[in-house]
$ cat protein_28.cif   # mmCIF, C-alpha atoms and all ligand atoms
data_query
loop_
_atom_site.label_atom_id
_atom_site.label_comp_id
_atom_site.auth_asym_id
_atom_site.auth_seq_id
_atom_site.Cartn_x
_atom_site.Cartn_y
_atom_site.Cartn_z
CA MET L 1 -103.47 103.82 -72.72
CA SER L 2 -102.58 100.46 -74.27
CA GLU L 3 -99.54 98.48 -73.15
CA ALA L 4 -98.05 99.01 -76.62
CA MET L 5 -97.70 102.72 -75.90
CA ILE L 6 -95.86 102.49 -72.64
CA ASN L 7 -92.83 100.31 -73.32
CA GLN L 8 -89.63 102.36 -73.32
CA ALA L 9 -86.36 101.07 -74.76
CA ALA L 10 -82.76 102.25 -74.97
CA TRP L 11 -82.39 102.13 -78.76
CA GLN L 12 -79.16 101.67 -80.67
CA HIS L 13 -80.09 103.69 -83.75
CA ALA L 14 -76.86 103.02 -85.65
CA PRO L 15 -73.34 101.84 -84.84
CA GLY L 16 -71.13 104.58 -83.44
CA HIS L 17 -73.90 106.42 -81.57
CA PRO L 18 -74.91 106.43 -77.89
CA LEU L 19 -78.14 104.78 -76.77
CA ARG L 20 -81.31 106.90 -77.02
CA THR L 21 -84.46 106.24 -75.04
CA GLY L 22 -87.73 105.97 -76.97
CA VAL L 23 -90.88 103.92 -77.26
CA ALA L 24 -90.81 100.31 -78.48
CA ASP L 25 -93.57 97.97 -79.57
CA LEU L 26 -94.89 95.12 -77.45
CA PRO L 27 -95.85 92.51 -80.06
CA GLN L 28 -98.15 89.55 -79.43
CA LEU L 29 -96.44 86.59 -77.80
CA ALA L 30 -95.82 83.39 -79.76
CA THR L 31 -96.99 80.20 -78.05
CA ASN L 32 -93.57 79.44 -76.49
CA GLU L 33 -92.71 82.95 -75.28
CA ILE L 34 -93.04 84.89 -72.03
CA ARG L 35 -92.91 88.63 -71.43
CA ILE L 36 -90.78 89.89 -68.57
CA ARG L 37 -91.06 93.29 -66.91
CA ASN L 38 -87.37 93.89 -66.40
CA ALA L 39 -86.20 94.80 -62.92
CA ALA L 40 -82.50 94.38 -63.74
CA ILE L 41 -80.41 94.22 -66.92
CA ALA L 42 -76.76 93.09 -67.15
CA ILE L 43 -74.15 94.10 -69.71
CA ASN L 44 -71.92 91.83 -71.83
CA PRO L 45 -68.93 92.70 -74.03
CA ILE L 46 -70.98 92.05 -77.20
CA ASP L 47 -73.26 94.96 -76.21
CA TRP L 48 -70.59 97.66 -76.39
CA ILE L 49 -69.10 95.98 -79.47
CA LEU L 50 -72.49 96.13 -81.26
CA GLN L 51 -72.77 99.76 -80.23
CA GLU L 52 -69.49 100.50 -81.98
CA ILE L 53 -69.57 98.24 -85.04
CA ALA L 54 -72.11 96.24 -87.05
CA LEU L 55 -70.44 92.95 -86.11
CA LEU L 56 -73.51 90.78 -86.78
CA PRO L 57 -74.28 91.05 -90.51
CA TRP L 58 -77.94 90.09 -90.02
CA LEU L 59 -78.65 92.64 -87.30
CA GLU L 60 -80.57 95.65 -88.53
CA TYR L 61 -80.31 99.00 -86.76
CA PRO L 62 -82.15 100.59 -85.02
CA ALA L 63 -81.70 97.65 -82.65
CA ILE L 64 -82.41 96.89 -79.03
CA LEU L 65 -79.26 95.30 -77.64
CA GLY L 66 -78.69 93.20 -74.55
CA SER L 67 -79.03 89.57 -73.48
CA ASP L 68 -79.52 89.47 -69.73
CA VAL L 69 -82.80 90.25 -67.96
CA ALA L 70 -84.44 89.49 -64.64
CA GLY L 71 -87.87 90.53 -63.47
CA GLU L 72 -91.51 89.48 -63.21
CA VAL L 73 -93.48 87.63 -65.84
CA THR L 74 -96.32 89.83 -67.13
CA ALA L 75 -97.70 87.57 -69.89
CA VAL L 76 -97.26 84.02 -71.17
CA GLY L 77 -97.84 82.46 -74.60
CA SER L 78 -100.65 79.95 -74.99
CA GLY L 79 -98.30 76.95 -74.94
CA VAL L 80 -96.29 77.96 -71.86
CA GLU L 81 -96.79 75.72 -68.83
CA ARG L 82 -93.68 76.47 -66.76
CA PHE L 83 -94.48 80.09 -65.93
CA LYS L 84 -97.42 82.23 -64.86
CA VAL L 85 -97.92 85.96 -64.49
CA GLY L 86 -96.11 87.24 -61.40
CA ASP L 87 -93.31 84.65 -61.39
CA ARG L 88 -89.84 86.00 -60.60
CA VAL L 89 -87.48 84.88 -63.38
CA VAL L 90 -84.13 85.31 -65.06
CA GLY L 91 -83.93 85.00 -68.85
CA GLN L 92 -81.54 85.00 -71.76
CA ALA L 93 -82.84 87.37 -74.41
CA VAL L 94 -81.87 86.57 -77.99
CA GLY L 95 -83.00 89.68 -79.86
CA THR L 96 -79.68 90.37 -81.58
CA THR L 97 -79.48 86.75 -82.77
CA VAL L 98 -82.98 86.73 -84.28
CA ASN L 99 -82.99 90.41 -85.35
CA GLU L 100 -86.07 91.12 -83.24
CA PRO L 101 -86.03 94.28 -81.07
CA ALA L 102 -88.84 92.98 -78.83
CA GLN L 103 -86.44 90.23 -77.70
CA GLY L 104 -83.62 92.62 -76.74
CA ALA L 105 -82.78 93.26 -73.09
CA PHE L 106 -82.34 97.05 -73.08
CA GLN L 107 -85.99 97.94 -72.49
CA GLN L 108 -88.69 97.80 -69.85
CA HIS L 109 -90.40 94.68 -71.24
CA THR L 110 -88.59 91.84 -73.02
CA ILE L 111 -89.91 88.74 -74.76
CA VAL L 112 -87.94 85.59 -73.84
CA LEU L 113 -88.34 81.99 -75.06
CA ASP L 114 -89.79 79.88 -72.26
CA HIS L 115 -86.93 77.35 -72.45
CA MET L 116 -84.39 80.18 -72.05
CA ALA L 117 -85.73 81.38 -68.69
CA ALA L 118 -85.74 80.00 -65.16
CA PRO L 119 -87.57 80.86 -61.94
CA ILE L 120 -85.39 82.37 -59.22
CA PRO L 121 -85.73 81.95 -55.45
CA GLU L 122 -87.94 84.45 -53.59
CA ASP L 123 -85.01 85.78 -51.61
CA MET L 124 -82.68 86.24 -54.60
CA ALA L 125 -82.46 89.86 -55.75
CA PHE L 126 -83.09 90.51 -59.44
CA ALA L 127 -79.81 92.43 -59.57
CA ASP L 128 -77.97 89.30 -58.41
CA ALA L 129 -79.77 86.83 -60.66
CA VAL L 130 -79.34 88.95 -63.79
CA VAL L 131 -75.58 88.29 -63.94
CA LEU L 132 -76.32 84.78 -65.17
CA PRO L 133 -77.78 84.47 -68.68
CA LEU L 134 -75.27 85.04 -71.49
CA GLY L 135 -72.27 83.95 -69.40
CA LEU L 136 -74.15 80.81 -68.39
CA GLY L 137 -75.49 80.11 -71.86
CA THR L 138 -72.07 80.53 -73.42
CA ALA L 139 -70.34 78.33 -70.84
CA ALA L 140 -73.03 75.66 -71.19
CA SER L 141 -72.88 75.70 -74.99
CA GLY L 142 -69.11 75.28 -74.86
CA LEU L 143 -69.12 72.50 -72.29
CA TYR L 144 -72.17 70.52 -73.44
CA GLY L 145 -72.88 71.36 -77.09
CA ARG L 146 -72.58 68.27 -79.30
CA THR L 147 -70.19 70.05 -81.65
CA GLN L 148 -68.25 71.57 -78.73
CA LEU L 149 -66.80 69.65 -75.76
CA ALA L 150 -69.92 67.44 -75.43
CA LEU L 151 -69.24 66.78 -71.73
CA THR L 152 -71.52 65.01 -69.23
CA PRO L 153 -74.48 67.30 -68.34
CA PRO L 154 -74.68 68.99 -64.93
CA SER L 155 -76.51 67.10 -62.20
CA HIS L 156 -77.99 67.84 -58.79
CA SER L 157 -75.96 64.95 -57.34
CA PRO L 158 -72.89 64.62 -59.57
CA SER L 159 -70.64 61.56 -59.47
CA ALA L 160 -67.02 62.60 -58.95
CA ARG L 161 -64.79 62.14 -62.01
CA SER L 162 -61.03 62.23 -62.06
CA GLU L 163 -60.81 64.11 -65.39
CA VAL L 164 -60.19 67.84 -65.36
CA VAL L 165 -61.94 70.68 -67.16
CA LEU L 166 -59.55 73.56 -67.73
CA VAL L 167 -61.19 77.01 -67.68
CA TRP L 168 -58.99 79.77 -69.08
CA GLY L 169 -60.22 83.15 -67.87
CA GLY L 170 -62.01 81.69 -64.86
CA SER L 171 -62.99 85.04 -63.29
CA SER L 172 -64.83 86.28 -66.38
CA SER L 173 -68.59 85.91 -66.60
CA VAL L 174 -68.27 82.94 -68.91
CA GLY L 175 -65.51 81.49 -66.71
CA CYS L 176 -67.39 81.72 -63.38
CA ASN L 177 -70.31 79.85 -64.95
CA ALA L 178 -68.05 77.29 -66.62
CA ILE L 179 -66.35 76.48 -63.31
CA GLN L 180 -69.67 75.91 -61.57
CA LEU L 181 -71.11 73.86 -64.42
CA ALA L 182 -68.02 71.67 -64.79
CA THR L 183 -68.13 71.04 -61.04
CA ALA L 184 -71.84 70.18 -61.24
CA SER L 185 -70.95 67.66 -63.94
CA GLY L 186 -68.55 65.99 -61.50
CA TYR L 187 -65.29 67.09 -63.13
CA ARG L 188 -62.38 68.61 -61.29
CA CYS L 189 -61.79 72.13 -62.49
CA VAL L 190 -58.50 73.98 -62.89
CA ALA L 191 -58.93 77.70 -63.58
CA ILE L 192 -56.62 80.40 -64.89
CA ALA L 193 -57.26 83.91 -63.53
CA SER L 194 -55.49 86.62 -61.57
CA ALA L 195 -54.36 85.71 -58.07
CA ARG L 196 -56.74 88.25 -56.48
CA ASN L 197 -59.72 86.20 -57.70
CA ALA L 198 -58.47 82.80 -56.53
CA VAL L 199 -60.61 82.71 -53.38
CA LEU L 200 -63.83 83.41 -55.31
CA LEU L 201 -63.07 80.79 -57.94
CA LYS L 202 -62.32 78.15 -55.31
CA GLU L 203 -65.66 78.96 -53.67
CA LEU L 204 -67.27 78.34 -57.06
CA GLY L 205 -65.63 74.92 -57.27
CA ALA L 206 -62.17 75.28 -58.83
CA SER L 207 -59.68 72.92 -57.22
CA GLU L 208 -56.73 75.05 -58.34
CA VAL L 209 -56.41 78.60 -59.62
CA LEU L 210 -53.26 79.55 -61.50
CA ASP L 211 -52.19 83.15 -62.00
CA HIS L 212 -52.36 84.28 -65.63
CA ALA L 213 -49.76 86.96 -64.85
CA SER L 214 -47.11 84.34 -64.07
CA PRO L 215 -44.30 84.50 -66.62
CA THR L 216 -44.25 80.70 -66.53
CA ILE L 217 -48.02 80.18 -66.78
CA VAL L 218 -47.80 77.44 -69.44
CA GLN L 219 -45.35 75.44 -67.34
CA ASP L 220 -47.38 76.15 -64.17
CA VAL L 221 -50.55 74.66 -65.66
CA VAL L 222 -48.75 71.70 -67.22
CA GLU L 223 -47.24 70.95 -63.77
CA ALA L 224 -50.65 71.25 -62.09
CA MET L 225 -52.06 68.80 -64.65
CA ARG L 226 -49.32 66.21 -64.18
CA GLY L 227 -50.82 62.76 -63.61
CA ARG L 228 -54.31 63.93 -64.62
CA ARG L 229 -56.29 63.87 -67.83
CA LEU L 230 -58.13 66.69 -69.52
CA ALA L 231 -61.83 66.17 -70.23
CA GLY L 232 -61.79 69.36 -72.28
CA THR L 233 -60.81 73.03 -72.14
CA LEU L 234 -63.03 76.08 -72.20
CA HIS L 235 -61.25 79.24 -73.29
CA ALA L 236 -63.33 82.13 -71.92
CA THR L 237 -60.71 84.87 -72.24
CA GLY L 238 -56.96 85.54 -71.94
CA GLY L 239 -53.99 84.15 -73.82
CA MET L 240 -55.26 81.70 -76.43
CA ASP L 241 -51.80 80.68 -77.60
CA GLU L 242 -50.78 79.91 -74.02
CA CYS L 243 -53.95 77.87 -73.59
CA PHE L 244 -53.23 75.86 -76.76
CA ALA L 245 -49.63 75.32 -75.64
CA VAL L 246 -50.87 73.84 -72.37
CA VAL L 247 -53.44 71.59 -74.04
CA ALA L 248 -50.82 70.27 -76.45
CA ARG L 249 -48.71 69.16 -73.49
CA CYS L 250 -51.41 67.54 -71.32
CA GLU L 251 -52.86 64.06 -71.31
CA GLY L 252 -56.44 63.57 -72.42
CA SER L 253 -58.71 65.62 -74.66
CA ARG L 254 -57.13 68.11 -77.05
CA ARG L 255 -60.43 69.89 -77.64
CA VAL L 256 -60.81 73.58 -76.80
CA ALA L 257 -64.16 75.38 -76.94
CA ALA L 258 -63.41 79.08 -77.30
CA THR L 259 -65.54 82.21 -77.01
CA LEU L 260 -63.55 83.90 -79.78
CA ALA L 261 -62.41 82.61 -83.16
CA SER L 262 -59.06 80.90 -82.80
CA PRO L 263 -56.03 81.43 -85.01
CA ALA L 264 -55.59 78.85 -87.76
CA GLU L 265 -52.07 78.14 -86.47
CA ARG L 266 -52.34 75.74 -83.56
CA PRO L 267 -50.08 73.08 -82.09
CA ALA L 268 -50.56 69.73 -83.83
CA GLY L 269 -53.52 67.78 -82.51
CA VAL L 270 -55.24 70.70 -80.76
CA GLU L 271 -58.80 71.18 -82.03
CA ALA L 272 -60.67 74.42 -81.41
CA THR L 273 -64.35 75.21 -81.85
CA HIS L 274 -65.98 78.63 -81.65
CA ILE L 275 -68.89 78.87 -79.20
CA PHE L 276 -72.02 80.79 -80.13
CA GLY L 277 -73.58 81.80 -76.81
CA THR L 278 -77.19 81.67 -78.08
CA SER L 279 -76.96 78.32 -79.90
CA LEU L 280 -78.67 76.73 -76.90
CA LYS L 281 -81.97 78.32 -77.91
CA ASP L 282 -82.12 75.77 -80.74
CA ASP L 283 -80.58 72.64 -79.25
CA GLU L 284 -80.80 70.38 -76.22
CA VAL L 285 -78.53 72.61 -74.11
CA GLY L 286 -81.21 75.29 -73.55
CA PRO L 287 -83.72 72.99 -71.81
CA MET L 288 -80.83 71.13 -70.11
CA ILE L 289 -79.78 74.33 -68.39
CA TYR L 290 -82.79 76.60 -68.00
CA ARG L 291 -85.40 73.88 -67.41
CA ASN L 292 -83.65 70.86 -65.89
CA PHE L 293 -80.68 72.27 -64.01
CA LEU L 294 -80.84 75.94 -63.05
CA PRO L 295 -84.14 76.23 -61.15
CA ARG L 296 -83.31 73.50 -58.62
CA ALA L 297 -79.62 74.40 -58.42
CA LEU L 298 -80.42 78.05 -57.66
CA ALA L 299 -83.00 77.04 -55.07
CA ALA L 300 -80.48 74.71 -53.40
CA ARG L 301 -77.73 77.35 -53.70
CA THR L 302 -75.50 74.71 -55.34
CA PHE L 303 -75.22 77.14 -58.26
CA VAL L 304 -74.85 80.84 -57.45
CA PRO L 305 -74.98 83.94 -59.65
CA ALA L 306 -71.36 84.91 -60.36
CA PRO L 307 -69.37 87.04 -60.83
CA PRO L 308 -71.04 89.44 -58.39
CA ALA L 309 -73.17 92.29 -59.71
CA ARG L 310 -71.78 95.81 -59.78
CA VAL L 311 -74.91 97.98 -59.95
CA VAL L 312 -73.98 101.23 -61.68
CA GLY L 313 -77.37 102.92 -61.48
CA GLN L 314 -81.09 102.80 -62.07
CA GLY L 315 -83.12 103.49 -65.19
CA LEU L 316 -82.70 102.93 -68.93
CA GLU L 317 -80.70 106.16 -69.12
CA MET L 318 -77.94 104.49 -67.07
CA LEU L 319 -77.34 101.79 -69.69
CA GLN L 320 -74.95 104.00 -71.68
CA ALA L 321 -72.76 104.54 -68.61
CA ALA L 322 -72.98 100.81 -67.94
CA LEU L 323 -71.70 99.99 -71.44
CA GLU L 324 -68.78 102.33 -70.88
CA ALA L 325 -68.05 100.84 -67.45
CA LEU L 326 -67.77 97.36 -68.96
CA LYS L 327 -65.66 98.60 -71.85
CA ASP L 328 -63.24 100.09 -69.31
CA GLY L 329 -62.78 96.55 -67.99
CA VAL L 330 -63.93 94.52 -65.00
CA SER L 331 -62.34 91.95 -62.74
CA ALA L 332 -64.75 89.26 -61.53
CA ALA L 333 -67.71 91.63 -61.74
CA LYS L 334 -70.86 91.98 -63.84
CA VAL L 335 -72.08 95.47 -64.69
CA VAL L 336 -75.80 95.78 -63.90
CA VAL L 337 -78.51 98.45 -64.20
CA THR L 338 -81.74 98.19 -62.22
CA LEU L 339 -85.09 99.53 -63.43
CA PRO L 340 -87.66 101.21 -61.18
N1 LIG U 1 -69.00 83.57 -78.58
C1 LIG U 1 -69.98 84.04 -77.82
O1 LIG U 1 -71.16 83.81 -78.08
C2 LIG U 1 -69.62 84.86 -76.61
C3 LIG U 1 -70.56 85.03 -75.57
C4 LIG U 1 -70.17 85.73 -74.44
C5 LIG U 1 -68.90 86.26 -74.37
N2 LIG U 1 -68.05 86.13 -75.41
C6 LIG U 1 -66.69 86.66 -75.34
O2 LIG U 1 -66.06 85.94 -74.30
C7 LIG U 1 -65.12 86.76 -73.65
C8 LIG U 1 -65.43 86.75 -72.17
O3 LIG U 1 -66.66 87.43 -71.92
P1 LIG U 1 -67.10 87.75 -70.44
O4 LIG U 1 -68.34 88.54 -70.44
O5 LIG U 1 -67.06 86.49 -69.67
O6 LIG U 1 -65.86 88.65 -70.00
P2 LIG U 1 -65.62 89.57 -68.74
O7 LIG U 1 -66.38 89.04 -67.56
O8 LIG U 1 -65.86 91.00 -69.10
O9 LIG U 1 -64.06 89.34 -68.55
C9 LIG U 1 -63.38 90.00 -67.53
C10 LIG U 1 -62.33 89.06 -66.99
O10 LIG U 1 -61.32 88.85 -67.97
C11 LIG U 1 -60.23 88.33 -67.25
N3 LIG U 1 -58.96 88.39 -67.96
C12 LIG U 1 -58.42 89.47 -68.56
N4 LIG U 1 -57.20 89.15 -69.07
C13 LIG U 1 -56.99 87.83 -68.77
C14 LIG U 1 -55.92 86.92 -69.05
N5 LIG U 1 -54.83 87.29 -69.73
N6 LIG U 1 -56.04 85.65 -68.61
C15 LIG U 1 -57.13 85.25 -67.94
N7 LIG U 1 -58.18 86.08 -67.64
C16 LIG U 1 -58.10 87.35 -68.07
C17 LIG U 1 -60.18 89.17 -66.01
O11 LIG U 1 -59.62 88.33 -65.03
P3 LIG U 1 -58.78 88.85 -63.77
O12 LIG U 1 -59.46 90.09 -63.28
O13 LIG U 1 -58.83 87.70 -62.84
O14 LIG U 1 -57.40 89.17 -64.29
C18 LIG U 1 -61.65 89.56 -65.76
O15 LIG U 1 -62.21 88.95 -64.61
C19 LIG U 1 -65.21 88.12 -74.30
O16 LIG U 1 -64.22 88.19 -75.31
C20 LIG U 1 -66.60 88.11 -74.93
O17 LIG U 1 -66.69 88.98 -76.04
C21 LIG U 1 -68.38 85.43 -76.53
#
$ encode --input "protein_28.cif" --output "structure tokens" --more "lines below"
Ligand SMILES: NC(=O)c1ccc[n+]([C@@H]2O[C@H](COP(=O)([O-])OP(=O)(O)OC[C@H]3O[C@@H](n4cnc5c(N)ncnc54)[C@H](OP(=O)(O)O)[C@@H]3O)[C@@H](O)[C@H]2O)c1
Amino acid sequence: MSEAMINQAAWQHAPGHPLRTGVADLPQLATNEIRIRNAAIAINPIDWILQEIALLPWLEYPAILGSDVAGEVTAVGSGVERFKVGDRVVGQAVGTTVNEPAQGAFQQHTIVLDHMAAPIPEDMAFADAVVLPLGLGTAASGLYGRTQLALTPPSHSPSARSEVVLVWGGSSSVGCNAIQLATASGYRCVAIASARNAVLLKELGASEVLDHASPTIVQDVVEAMRGRRLAGTLHATGGMDECFAVVARCEGSRRVAATLASPAERPAGVEATHIFGTSLKDDEVGPMIYRNFLPRALAARTFVPAPPARVVGQGLEMLQAALEALKDGVSAAKVVVTLP
């Protein structure tokens, strides 16, 4: 039996329907692609949104959704030098961006661009590593993209800076990665999350964590920022108007990179840009993160997969329950399915 006959995928046949398992092609690799046999798949909010509505006008259904995979490399394109068959990797799959089912995560074998994947340490479980990709890619695009905050890239030996990166929604997937990246760029990081997640976020590098449930959250953050300058603000999730109100009252940069489109009405001087979490496949941020930063940082444990994985089951058939688990809401957790 040829390989092409044995790949199974959890197909999204049309918006408004549950996933259905069926066969999927395994096309030839382009020169800069690798094929991963997925051992773990993580879920992002866009996955359940694309199950419900055709949000991306270019995406044709049936589609194979999903962005986050970890597993072993089973094939490499002719131009790939960083990986070989058998390597343990994590990768950001961009199938819904390029309208290519073979590059979706929700299947046994996924094609990933070689500059959107990184080797993981031998002792790191696939289910732990797989929490990284879209949250990391989105945080990195927001912090480092030239049209976003354009901050100093992350380093393995960062020089300490006095400026602060504000991360609103610090315990989200995007937020946990943004905190670690900002810290690896040498910035101080102030995060906004619920009080129960403060310990985790401080372990990830936040110098202060302010409680988004506080009725005086805007004043709280402005007070915490007194005497300091903002390098930039990443809005991962939570109250966007509150975030803008803080930025308008702080010293330093008035730029906010946001995961969602921002309202046209903003305080004077506050600029907002909308992050596209796969833009790094086409610009310098992809190699900056997946090639230059992540492999060594994971090996040195100076960058850790966060938020922690919540494994909801094994097998492609569990992906539907996983989508529903994420839609129900998480707090500092990443919903993950493992594959046998
Ligand atoms: N533009 C893009 O390309 C792109 C890419 C990825 C994600 N996104 C979007 O970015 C957002 C975040 O995605 P994600 O996967 O990181 O989310 P997530 O991990 O599912 O977010 C869960 C977190 O949201 C936090 N939260 C809820 N209400 C909050 C509030 N009022 N203030 C602060 N934090 C709050 C919770 O914090 P506590 O438990 O601490 O309260 C929880 O930890 C989503 O809207 C997603 O659709 C966009």
$ closest_residue --input "protein_28.cif" --among "L:Ser141, L:Ser185, L:Thr147, L:Ser155" --to "ligand LIG 1 (chain U)" --atoms "all atoms listed in the file"
L:Ser141
$ atom_distance --input "protein_28.cif" --atom1 "CA of Gly66 in chain L" --atom2 "CA of Ala140 in chain L"
18.7 Å
$ residues_near_ligand --input "protein_28.cif" --ligand "ligand LIG 1 (chain U)" --cutoff "7 Å" --atoms "only C-alpha atoms and all ligand atoms" --output "PyMOL selection string"
chain L and resi 44-46+134-135+138+168-175+192-197+212+236-239+259-260+274-278+326+329-334
$ closest_residue --input "protein_28.cif" --among "L:Gln92, L:Gln107, L:Ser78, L:Asn99" --to "Gly315 in chain L" --atoms "all atoms listed in the file"
L:Gln107
$ atom_distance --input "protein_28.cif" --atom1 "CA of Arg161 in chain L" --atom2 "CA of Ala182 in chain L"
10.4 Å
$ build_atoms --input "protein_28.cif" --residues "range 80-101 of chain L" --atoms "N, CA and C atoms" --output "mmCIF file, keeping the file's coordinate frame"
data_model
loop_
_atom_site.group_PDB
_atom_site.id
_atom_site.type_symbol
_atom_site.label_atom_id
_atom_site.label_comp_id
_atom_site.auth_asym_id
_atom_site.auth_seq_id
_atom_site.Cartn_x
_atom_site.Cartn_y
_atom_site.Cartn_z
ATOM 1 N N VAL L 80 -97.260 77.939 -72.968
ATOM 2 C CA VAL L 80 -96.290 77.960 -71.860
ATOM 3 C C VAL L 80 -96.922 77.379 -70.600
ATOM 4 N N GLU L 81 -96.262 76.351 -70.050
ATOM 5 C CA GLU L 81 -96.790 75.720 -68.830
ATOM 6 C C GLU L 81 -95.883 75.963 -67.622
ATOM 7 N N ARG L 82 -94.635 76.351 -67.870
ATOM 8 C CA ARG L 82 -93.680 76.470 -66.760
ATOM 9 C C ARG L 82 -93.831 77.759 -65.973
ATOM 10 N N PHE L 83 -94.444 78.773 -66.568
ATOM 11 C CA PHE L 83 -94.480 80.090 -65.930
ATOM 12 C C PHE L 83 -95.899 80.635 -65.897
ATOM 13 N N LYS L 84 -96.139 81.510 -64.912
ATOM 14 C CA LYS L 84 -97.420 82.230 -64.860
ATOM 15 C C LYS L 84 -97.117 83.699 -64.528
ATOM 16 N N VAL L 85 -98.086 84.536 -64.771
ATOM 17 C CA VAL L 85 -97.920 85.960 -64.490
ATOM 18 C C VAL L 85 -97.550 86.140 -63.012
ATOM 19 N N GLY L 86 -96.547 86.968 -62.776
ATOM 20 C CA GLY L 86 -96.110 87.240 -61.400
ATOM 21 C C GLY L 86 -94.879 86.458 -60.989
ATOM 22 N N ASP L 87 -94.502 85.416 -61.746
ATOM 23 C CA ASP L 87 -93.310 84.650 -61.390
ATOM 24 C C ASP L 87 -92.063 85.527 -61.485
ATOM 25 N N ARG L 88 -91.138 85.292 -60.567
ATOM 26 C CA ARG L 88 -89.840 86.000 -60.600
ATOM 27 C C ARG L 88 -88.877 85.124 -61.413
ATOM 28 N N VAL L 89 -88.293 85.695 -62.454
ATOM 29 C CA VAL L 89 -87.480 84.880 -63.380
ATOM 30 C C VAL L 89 -86.210 85.606 -63.811
ATOM 31 N N VAL L 90 -85.294 84.800 -64.343
ATOM 32 C CA VAL L 90 -84.130 85.310 -65.060
ATOM 33 C C VAL L 90 -84.214 84.722 -66.462
ATOM 34 N N GLY L 91 -83.800 85.507 -67.478
ATOM 35 C CA GLY L 91 -83.930 85.000 -68.850
ATOM 36 C C GLY L 91 -82.836 85.492 -69.763
ATOM 37 N N GLN L 92 -82.528 84.635 -70.740
ATOM 38 C CA GLN L 92 -81.540 85.000 -71.760
ATOM 39 C C GLN L 92 -82.276 85.481 -73.002
ATOM 40 N N ALA L 93 -82.150 86.750 -73.277
ATOM 41 C CA ALA L 93 -82.840 87.370 -74.410
ATOM 42 C C ALA L 93 -81.984 87.212 -75.664
ATOM 43 N N VAL L 94 -82.633 86.901 -76.784
ATOM 44 C CA VAL L 94 -81.870 86.570 -77.990
ATOM 45 C C VAL L 94 -82.179 87.511 -79.157
ATOM 46 N N GLY L 95 -82.566 88.729 -78.836
ATOM 47 C CA GLY L 95 -83.000 89.680 -79.860
ATOM 48 C C GLY L 95 -81.967 89.959 -80.938
ATOM 49 N N THR L 96 -80.693 90.055 -80.555
ATOM 50 C CA THR L 96 -79.680 90.370 -81.580
ATOM 51 C C THR L 96 -79.378 89.152 -82.446
ATOM 52 N N THR L 97 -79.676 87.950 -81.958
ATOM 53 C CA THR L 97 -79.480 86.750 -82.770
ATOM 54 C C THR L 97 -80.606 86.592 -83.785
ATOM 55 N N VAL L 98 -81.825 86.937 -83.382
ATOM 56 C CA VAL L 98 -82.980 86.730 -84.280
ATOM 57 C C VAL L 98 -83.427 88.035 -84.939
ATOM 58 N N ASN L 99 -82.674 89.121 -84.731
ATOM 59 C CA ASN L 99 -82.990 90.410 -85.350
ATOM 60 C C ASN L 99 -84.403 90.862 -84.997
ATOM 61 N N GLU L 100 -84.711 90.797 -83.701
ATOM 62 C CA GLU L 100 -86.070 91.120 -83.240
ATOM 63 C C GLU L 100 -85.958 92.038 -82.008
ATOM 64 N N PRO L 101 -86.203 93.350 -82.188
ATOM 65 C CA PRO L 101 -86.030 94.280 -81.070
ATOM 66 C C PRO L 101 -86.820 93.894 -79.820
#
